[in-house]
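Read through the structure below, which is laid out as structure tokens, and then see the notes.
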Amino acid sequence: MTWLVQQTRRFSRQYKKLQDNTAADVDSAIDELRQNPEIGERKRGDLAALRVCKFCSGGLLYLLGYTLDDSVRLIYLEAVGPHENFYRDLKRQQ
């Protein structure tokens, strides 16, 4: 059974800035998350509630950060971007 997906404002702003081929790769990663949201790696420390799904696009490693709400089967897409400074930027915006 698939999960519902909801974008945060931060995610939608970052998604709009992506190139078309990268956005298509993000869409396919989101489709995989809908089927199995446990594929992402759970973070520790300050970002303990966050899970991260890694994928490659255009030769770069991209990260898709999300949180889960098990009670209503909802995936909140928190952030997307290249690996460089991904976690630093997330910590700043929290």
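The chains in the structure tokens are called A, B, ... from first to last as shown; in each chain the residues are counted from 1, and the ligands are counted from 1 in the order shown.
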
For this session: Determine which residues of chain A receive a DSSP assignment of strand (DSSP E), computed from the backbone, and state them as a ChimeraX atom specification.
Result: /A:4-7,41-42,51-57,60-69,74-82

Write the residues you've just listed into a file as a compact mmCIF listing (two decimals), in the first residue's frame, and include N, CA and C atoms for each of them.
```
# COMPACT_ATOMS: atom_id res chain seq x y z
N LEU A 4 0.96 8.56 1.34
CA LEU A 4 0.72 9.89 0.78
C LEU A 4 1.97 10.73 0.99
N VAL A 5 2.17 11.69 0.11
CA VAL A 5 3.36 12.54 0.17
C VAL A 5 2.92 13.99 0.26
N GLN A 6 3.58 14.74 1.14
CA GLN A 6 3.31 16.16 1.28
C GLN A 6 4.63 16.91 1.29
N GLN A 7 4.71 18.01 0.54
CA GLN A 7 5.92 18.80 0.46
C GLN A 7 5.90 19.91 1.50
N GLU A 41 17.91 6.19 5.14
CA GLU A 41 18.75 6.01 6.32
C GLU A 41 18.34 7.00 7.40
N ARG A 42 18.10 6.52 8.60
CA ARG A 42 17.72 7.39 9.72
C ARG A 42 18.95 8.10 10.25
N ARG A 51 14.98 11.17 7.89
CA ARG A 51 15.48 10.04 7.10
C ARG A 51 15.99 10.62 5.79
N VAL A 52 17.03 9.98 5.22
CA VAL A 52 17.61 10.49 3.99
C VAL A 52 17.72 9.36 2.97
N CYS A 53 17.23 9.64 1.78
CA CYS A 53 17.33 8.73 0.64
C CYS A 53 18.37 9.31 -0.31
N LYS A 54 19.35 8.51 -0.70
CA LYS A 54 20.43 8.97 -1.57
C LYS A 54 20.20 8.45 -2.98
N PHE A 55 20.49 9.31 -3.97
CA PHE A 55 20.40 8.91 -5.38
C PHE A 55 21.36 9.77 -6.19
N CYS A 56 21.73 9.28 -7.36
CA CYS A 56 22.64 10.01 -8.25
C CYS A 56 21.87 10.65 -9.39
N SER A 57 22.31 11.83 -9.77
CA SER A 57 21.72 12.53 -10.90
C SER A 57 22.80 13.39 -11.54
N LEU A 60 26.26 13.54 -9.84
CA LEU A 60 26.35 14.06 -8.47
C LEU A 60 25.47 13.23 -7.54
N LEU A 61 25.88 13.15 -6.29
CA LEU A 61 25.08 12.48 -5.27
C LEU A 61 24.10 13.48 -4.68
N TYR A 62 22.82 13.16 -4.78
CA TYR A 62 21.76 14.02 -4.22
C TYR A 62 21.15 13.32 -3.03
N LEU A 63 20.66 14.13 -2.10
CA LEU A 63 20.00 13.62 -0.90
C LEU A 63 18.57 14.16 -0.85
N LEU A 64 17.66 13.29 -0.44
CA LEU A 64 16.26 13.65 -0.27
C LEU A 64 15.91 13.39 1.18
N GLY A 65 15.71 14.46 1.95
CA GLY A 65 15.40 14.35 3.36
C GLY A 65 13.90 14.35 3.58
N TYR A 66 13.44 13.45 4.46
CA TYR A 66 12.00 13.35 4.72
C TYR A 66 11.75 12.83 6.12
N THR A 67 10.54 13.05 6.61
CA THR A 67 10.09 12.50 7.89
C THR A 67 8.81 11.71 7.64
N LEU A 68 8.52 10.81 8.55
CA LEU A 68 7.34 9.94 8.42
C LEU A 68 6.35 10.19 9.54
N ASP A 69 5.07 10.09 9.21
CA ASP A 69 4.00 10.09 10.20
C ASP A 69 3.25 8.77 10.02
N LEU A 74 1.86 9.15 6.11
CA LEU A 74 2.20 10.36 5.38
C LEU A 74 3.70 10.58 5.39
N ILE A 75 4.26 10.93 4.25
CA ILE A 75 5.67 11.25 4.10
C ILE A 75 5.78 12.76 3.90
N TYR A 76 6.52 13.44 4.77
CA TYR A 76 6.77 14.87 4.63
C TYR A 76 8.13 15.05 3.98
N LEU A 77 8.17 15.61 2.77
CA LEU A 77 9.42 15.88 2.08
C LEU A 77 10.00 17.17 2.65
N GLU A 78 11.15 17.07 3.29
CA GLU A 78 11.74 18.21 3.99
C GLU A 78 12.72 19.00 3.13
N ALA A 79 13.63 18.31 2.42
CA ALA A 79 14.66 19.01 1.66
C ALA A 79 15.22 18.10 0.58
N VAL A 80 15.77 18.71 -0.46
CA VAL A 80 16.45 17.99 -1.52
C VAL A 80 17.63 18.84 -1.99
N GLY A 81 18.72 18.18 -2.33
CA GLY A 81 19.87 18.92 -2.82
C GLY A 81 21.10 18.05 -2.92
N PRO A 82 22.18 18.61 -3.47
CA PRO A 82 23.43 17.86 -3.55
C PRO A 82 24.00 17.61 -2.17
```

Problem set entry | Spatial neighbours of Pro37 of chain A, max dist 9 Å, only C-alpha atoms, sep filter under 2 positions, as a list of chain:residue names | A:Trp3, A:Glu32, A:Leu33, A:Arg34, A:Gln35, A:Ile39, A:Gly40, A:Leu68, A:Ile75

Residues just named, written with N, CA and C atoms as a PDB file, in the first residue's frame:
```pdb
ATOM      1  N   TRP A   3       2.022   5.257   0.403  1.00  0.00           N
ATOM      2  CA  TRP A   3       1.893   6.328   1.380  1.00  0.00           C
ATOM      3  C   TRP A   3       1.580   7.627   0.644  1.00  0.00           C
ATOM      4  N   GLU A  32       9.685   5.674  -5.350  1.00  0.00           N
ATOM      5  CA  GLU A  32      10.227   4.555  -4.582  1.00  0.00           C
ATOM      6  C   GLU A  32       9.883   4.692  -3.101  1.00  0.00           C
ATOM      7  N   LEU A  33       9.929   5.934  -2.581  1.00  0.00           N
ATOM      8  CA  LEU A  33       9.586   6.171  -1.178  1.00  0.00           C
ATOM      9  C   LEU A  33       8.126   5.852  -0.894  1.00  0.00           C
ATOM     10  N   ARG A  34       7.261   6.153  -1.848  1.00  0.00           N
ATOM     11  CA  ARG A  34       5.835   5.856  -1.657  1.00  0.00           C
ATOM     12  C   ARG A  34       5.602   4.366  -1.449  1.00  0.00           C
ATOM     13  N   GLN A  35       6.371   3.557  -2.148  1.00  0.00           N
ATOM     14  CA  GLN A  35       6.219   2.117  -2.027  1.00  0.00           C
ATOM     15  C   GLN A  35       6.839   1.576  -0.745  1.00  0.00           C
ATOM     16  N   ILE A  39      13.298   2.803   3.170  1.00  0.00           N
ATOM     17  CA  ILE A  39      14.572   2.649   2.461  1.00  0.00           C
ATOM     18  C   ILE A  39      15.577   3.729   2.841  1.00  0.00           C
ATOM     19  N   GLY A  40      15.103   4.838   3.359  1.00  0.00           N
ATOM     20  CA  GLY A  40      15.995   5.922   3.744  1.00  0.00           C
ATOM     21  C   GLY A  40      16.741   5.621   5.028  1.00  0.00           C
ATOM     22  N   LEU A  68       8.516  10.806   8.554  1.00  0.00           N
ATOM     23  CA  LEU A  68       7.343   9.938   8.418  1.00  0.00           C
ATOM     24  C   LEU A  68       6.350  10.195   9.540  1.00  0.00           C
ATOM     25  N   ILE A  75       4.260  10.929   4.245  1.00  0.00           N
ATOM     26  CA  ILE A  75       5.673  11.255   4.104  1.00  0.00           C
ATOM     27  C   ILE A  75       5.781  12.763   3.900  1.00  0.00           C
TER      28      ILE A  75
END
```

Exercise. Which value, in Å to one decimal, gives the distance between atom CA of Leu50 of chain A and atom CA of Arg88 of chain A?
Worked result: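 Pair atom CA of Leu50 of chain A / atom CA of Arg88 of chain A returns 13.5 Å.
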
Exercise. In segment 11-85 of chain A, what's helix (DSSP H, G or I) per DSSP? Answer as a PyMOL selection string?
Worked result: chain A and resi 11-16+20-35+37-39+45-47

Selection from above, N, CA and C atoms, as a PDB file, in the first residue's frame, can you write it?
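Wrote it out as result.pdb, contents follow:
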```pdb
ATOM      1  N   PHE A  11      11.191  22.348   0.791  1.00  0.00           N
ATOM      2  CA  PHE A  11      11.370  21.389  -0.289  1.00  0.00           C
ATOM      3  C   PHE A  11      10.882  21.958  -1.619  1.00  0.00           C
ATOM      4  N   SER A  12       9.710  22.570  -1.629  1.00  0.00           N
ATOM      5  CA  SER A  12       9.159  23.082  -2.885  1.00  0.00           C
ATOM      6  C   SER A  12      10.029  24.191  -3.467  1.00  0.00           C
ATOM      7  N   ARG A  13      10.618  25.035  -2.623  1.00  0.00           N
ATOM      8  CA  ARG A  13      11.531  26.073  -3.115  1.00  0.00           C
ATOM      9  C   ARG A  13      12.782  25.462  -3.728  1.00  0.00           C
ATOM     10  N   GLN A  14      13.332  24.429  -3.085  1.00  0.00           N
ATOM     11  CA  GLN A  14      14.523  23.777  -3.610  1.00  0.00           C
ATOM     12  C   GLN A  14      14.206  23.005  -4.882  1.00  0.00           C
ATOM     13  N   TYR A  15      13.052  22.385  -4.940  1.00  0.00           N
ATOM     14  CA  TYR A  15      12.651  21.581  -6.102  1.00  0.00           C
ATOM     15  C   TYR A  15      12.501  22.460  -7.346  1.00  0.00           C
ATOM     16  N   LYS A  16      11.957  23.666  -7.181  1.00  0.00           N
ATOM     17  CA  LYS A  16      11.760  24.566  -8.315  1.00  0.00           C
ATOM     18  C   LYS A  16      13.078  24.966  -8.963  1.00  0.00           C
ATOM     19  N   ASP A  20      15.635  20.057 -15.150  1.00  0.00           N
ATOM     20  CA  ASP A  20      14.574  19.109 -15.513  1.00  0.00           C
ATOM     21  C   ASP A  20      14.988  17.657 -15.310  1.00  0.00           C
ATOM     22  N   ASN A  21      16.215  17.302 -15.712  1.00  0.00           N
ATOM     23  CA  ASN A  21      16.626  15.902 -15.565  1.00  0.00           C
ATOM     24  C   ASN A  21      16.806  15.526 -14.095  1.00  0.00           C
ATOM     25  N   THR A  22      17.271  16.447 -13.275  1.00  0.00           N
ATOM     26  CA  THR A  22      17.403  16.186 -11.843  1.00  0.00           C
ATOM     27  C   THR A  22      16.028  16.084 -11.193  1.00  0.00           C
ATOM     28  N   ALA A  23      15.098  16.932 -11.604  1.00  0.00           N
ATOM     29  CA  ALA A  23      13.738  16.879 -11.063  1.00  0.00           C
ATOM     30  C   ALA A  23      13.080  15.538 -11.401  1.00  0.00           C
ATOM     31  N   ALA A  24      13.365  15.001 -12.585  1.00  0.00           N
ATOM     32  CA  ALA A  24      12.820  13.696 -12.951  1.00  0.00           C
ATOM     33  C   ALA A  24      13.395  12.601 -12.059  1.00  0.00           C
ATOM     34  N   ASP A  25      14.687  12.701 -11.721  1.00  0.00           N
ATOM     35  CA  ASP A  25      15.304  11.736 -10.818  1.00  0.00           C
ATOM     36  C   ASP A  25      14.723  11.843  -9.410  1.00  0.00           C
ATOM     37  N   VAL A  26      14.424  13.061  -8.972  1.00  0.00           N
ATOM     38  CA  VAL A  26      13.790  13.265  -7.668  1.00  0.00           C
ATOM     39  C   VAL A  26      12.403  12.630  -7.668  1.00  0.00           C
ATOM     40  N   ASP A  27      11.661  12.816  -8.753  1.00  0.00           N
ATOM     41  CA  ASP A  27      10.321  12.220  -8.857  1.00  0.00           C
ATOM     42  C   ASP A  27      10.374  10.702  -8.765  1.00  0.00           C
ATOM     43  N   SER A  28      11.377  10.091  -9.413  1.00  0.00           N
ATOM     44  CA  SER A  28      11.476   8.629  -9.344  1.00  0.00           C
ATOM     45  C   SER A  28      11.865   8.175  -7.934  1.00  0.00           C
ATOM     46  N   ALA A  29      12.700   8.963  -7.235  1.00  0.00           N
ATOM     47  CA  ALA A  29      13.047   8.632  -5.847  1.00  0.00           C
ATOM     48  C   ALA A  29      11.824   8.744  -4.941  1.00  0.00           C
ATOM     49  N   ILE A  30      10.973   9.724  -5.198  1.00  0.00           N
ATOM     50  CA  ILE A  30       9.738   9.887  -4.421  1.00  0.00           C
ATOM     51  C   ILE A  30       8.795   8.715  -4.668  1.00  0.00           C
ATOM     52  N   ASP A  31       8.728   8.245  -5.909  1.00  0.00           N
ATOM     53  CA  ASP A  31       7.892   7.080  -6.214  1.00  0.00           C
ATOM     54  C   ASP A  31       8.367   5.848  -5.456  1.00  0.00           C
ATOM     55  N   GLU A  32       9.685   5.674  -5.350  1.00  0.00           N
ATOM     56  CA  GLU A  32      10.227   4.555  -4.582  1.00  0.00           C
ATOM     57  C   GLU A  32       9.883   4.692  -3.101  1.00  0.00           C
ATOM     58  N   LEU A  33       9.929   5.934  -2.581  1.00  0.00           N
ATOM     59  CA  LEU A  33       9.586   6.171  -1.178  1.00  0.00           C
ATOM     60  C   LEU A  33       8.126   5.852  -0.894  1.00  0.00           C
ATOM     61  N   ARG A  34       7.261   6.153  -1.848  1.00  0.00           N
ATOM     62  CA  ARG A  34       5.835   5.856  -1.657  1.00  0.00           C
ATOM     63  C   ARG A  34       5.602   4.366  -1.449  1.00  0.00           C
ATOM     64  N   GLN A  35       6.371   3.557  -2.148  1.00  0.00           N
ATOM     65  CA  GLN A  35       6.219   2.117  -2.027  1.00  0.00           C
ATOM     66  C   GLN A  35       6.839   1.576  -0.745  1.00  0.00           C
ATOM     67  N   PRO A  37       8.818   3.498   2.414  1.00  0.00           N
ATOM     68  CA  PRO A  37       9.448   4.662   3.032  1.00  0.00           C
ATOM     69  C   PRO A  37      10.590   4.314   3.987  1.00  0.00           C
ATOM     70  N   GLU A  38      10.789   3.045   4.259  1.00  0.00           N
ATOM     71  CA  GLU A  38      11.860   2.638   5.171  1.00  0.00           C
ATOM     72  C   GLU A  38      13.218   2.536   4.481  1.00  0.00           C
ATOM     73  N   ILE A  39      13.298   2.803   3.170  1.00  0.00           N
ATOM     74  CA  ILE A  39      14.572   2.649   2.461  1.00  0.00           C
ATOM     75  C   ILE A  39      15.577   3.729   2.841  1.00  0.00           C
ATOM     76  N   GLY A  45      21.462  12.290  16.283  1.00  0.00           N
ATOM     77  CA  GLY A  45      21.800  13.584  16.861  1.00  0.00           C
ATOM     78  C   GLY A  45      20.718  14.617  16.640  1.00  0.00           C
ATOM     79  N   ASP A  46      21.121  15.799  16.152  1.00  0.00           N
ATOM     80  CA  ASP A  46      20.190  16.905  15.953  1.00  0.00           C
ATOM     81  C   ASP A  46      19.094  16.582  14.936  1.00  0.00           C
ATOM     82  N   LEU A  47      19.413  15.731  13.991  1.00  0.00           N
ATOM     83  CA  LEU A  47      18.472  15.404  12.917  1.00  0.00           C
ATOM     84  C   LEU A  47      17.879  14.010  13.088  1.00  0.00           C
TER      85      LEU A  47
END
```

For this session: Quote the spacing between atom CA of Asp89 of chain A and atom CA of Thr8 of chain A in Å to one decimal place.
Result: 15.2 Å

Exercise. In Å, how far is it from atom CA of Gln19 of chain A to atom CA of Tyr87 of chain A?
Worked result: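 Taking atom CA of Gln19 of chain A and atom CA of Tyr87 of chain A, their separation equals 21.3 Å.
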